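Novice: The structure that follows is given in the form of structure tokens.
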Amino acid sequence: MSSESFSHETSSPTQELENSPESLEILRERLSAMAERVNAELEKEGMKPLLGKHGRIMMSAYKGEFQYPAHTVKDDSLRVDVMENGFASQVEKQDRERYYYEYGADSEEEVAQSWRKERATSLAEQWEMYVSVLFNELFGEDFFVLRTSTFDDYVSGVDTLIIHKETGEVVCAVDEVSLGKNSKGKQRKQEKVCRANEEGGKKVKYGVVKKDGHFVMGENKHVPVLYADITVEDLQRMLLLSSMTTPERGVHPEEIVLCKRLLDDMEVQTSEMERAIITKEHERQNEPWRRIPEQVPLEGSPVKRNIWAAQRRFADMQRCLEKYHAE
């Protein structure tokens, strides 16, 4: 969830009242179990535990690793704190009054703490967690599905990183957003994602790369970024269905239908991105005097190659879903 999301696309307090505390707690338990599985698998690669209990990449795990001196990680953590305080400072007057009566928040620091507390239970946050759980349970055998660090969430504007285990190919970075009926929000997201890919894709600073046959901590560059949206009503239904899921029962059929819709939408996005990038390349060829950004080579665009890889891996995911339908 990017910084833009906090000011334009977070759920209202009235929407939050419909959330089930029980379903949120079950979702967090499933995320914790997912983190344990992924950490155990990465440890076999010789890596330290990477994911926290909520399935998010921990920046602290990178401290002292190659390219991640302690002062860099500390500076990035401080930058996250500054950004969160900035988000909290923009809280509307009526919310500040509500924070005072509900949490006793009086000072700016207490307002920021109240903002963080509500952000952790927001529908947008639950959507981000849910996508990670769902994709892990459906595709975790062949793909790592990782919630990005808070730094990459805020600074890079991506929530989830998907990596193919066998090849190490980065399928995509996903920016989940619960839009409800906000069509303008969806249009903004489309435009922002399109610009990011035309400019060479996103960089996930706290990522995972495959080197010499093993996964190691490192930056993922030129990552295609996609968005995943859902209505508030559909999200709440999925969270309810998800809360009733057991290891014996598995994923609910409606969840598989949702995942199919998300994959179809993402495949359309990759096709549109490919066309847009090719168009940009032709424009640059026809205007050789225009300065070309360093991250967007004229020939052999890295993000374009990554988009082709994403299209191959989405096809793998679609075949996996067909097996679920057949069962």
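Every chain in the structure tokens takes a letter, A first, then B, and so on in the order presented; its residues are numbered from 1, and the ligands are numbered from 1 following the presented order.
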Would you mind listing what lies within 8 Å of segment 39-51 of chain A as an MDAnalysis selection string, with only C-alpha atoms counted and same-chain residues fewer than 4 positions away left out?

Specialist: chainID A and resid 35 55:58 61 146 214:217

Novice: Using atom CA of Gly201 of chain A and atom CA of Asp175 of chain A as the two end points, give the distance in Å to one decimal.

Specialist: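 Answer for the atom CA of Gly201 of chain A to atom CA of Asp175 of chain A separation: 12.7 Å.
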
Novice: Under the rule of at most 10 Å, produce a per-residue listing of segment 108-209 of chain A near segment 303-326 of chain A: chain, number, name, the closest pair of atoms, and the distance in Å, as a Markdown table, using only C-alpha atoms.

Specialist:
```
| residue | atom | partner | partner_atom | distance |
| --- | --- | --- | --- | --- |
| A:Phe135 | CA | A:Met317 | CA | 9.6 |
| A:Leu138 | CA | A:Leu321 | CA | 7.8 |
| A:Phe139 | CA | A:Met317 | CA | 6.9 |
| A:Asp142 | CA | A:Met317 | CA | 9.1 |
| A:Phe143 | CA | A:Arg313 | CA | 9.3 |
| A:Ile162 | CA | A:Ala310 | CA | 9.6 |
| A:Ile163 | CA | A:Arg313 | CA | 9.4 |
| A:His164 | CA | A:Arg313 | CA | 7.6 |
| A:Glu169 | CA | A:Ala309 | CA | 6.9 |
| A:Val170 | CA | A:Asn306 | CA | 7.1 |
| A:Val171 | CA | A:Ala310 | CA | 4.4 |
| A:Cys172 | CA | A:Ala310 | CA | 6.5 |
| A:Asn197 | CA | A:Val303 | CA | 7.0 |
| A:Glu198 | CA | A:Val303 | CA | 8.4 |
| A:Glu199 | CA | A:Val303 | CA | 8.9 |
| A:Gly200 | CA | A:Val303 | CA | 5.5 |
| A:Gly201 | CA | A:Val303 | CA | 5.7 |
| A:Lys202 | CA | A:Val303 | CA | 8.8 |
```

Novice: DSSP says helix (DSSP H, G or I) for which residues of segment 8-199 of chain A? Put them as an NGL selection string?

Specialist: :A and (8 or 13-16 or 21-43 or 59-62 or 70-89 or 93-103 or 108-119 or 123-139 or 150-156 or 183-198)
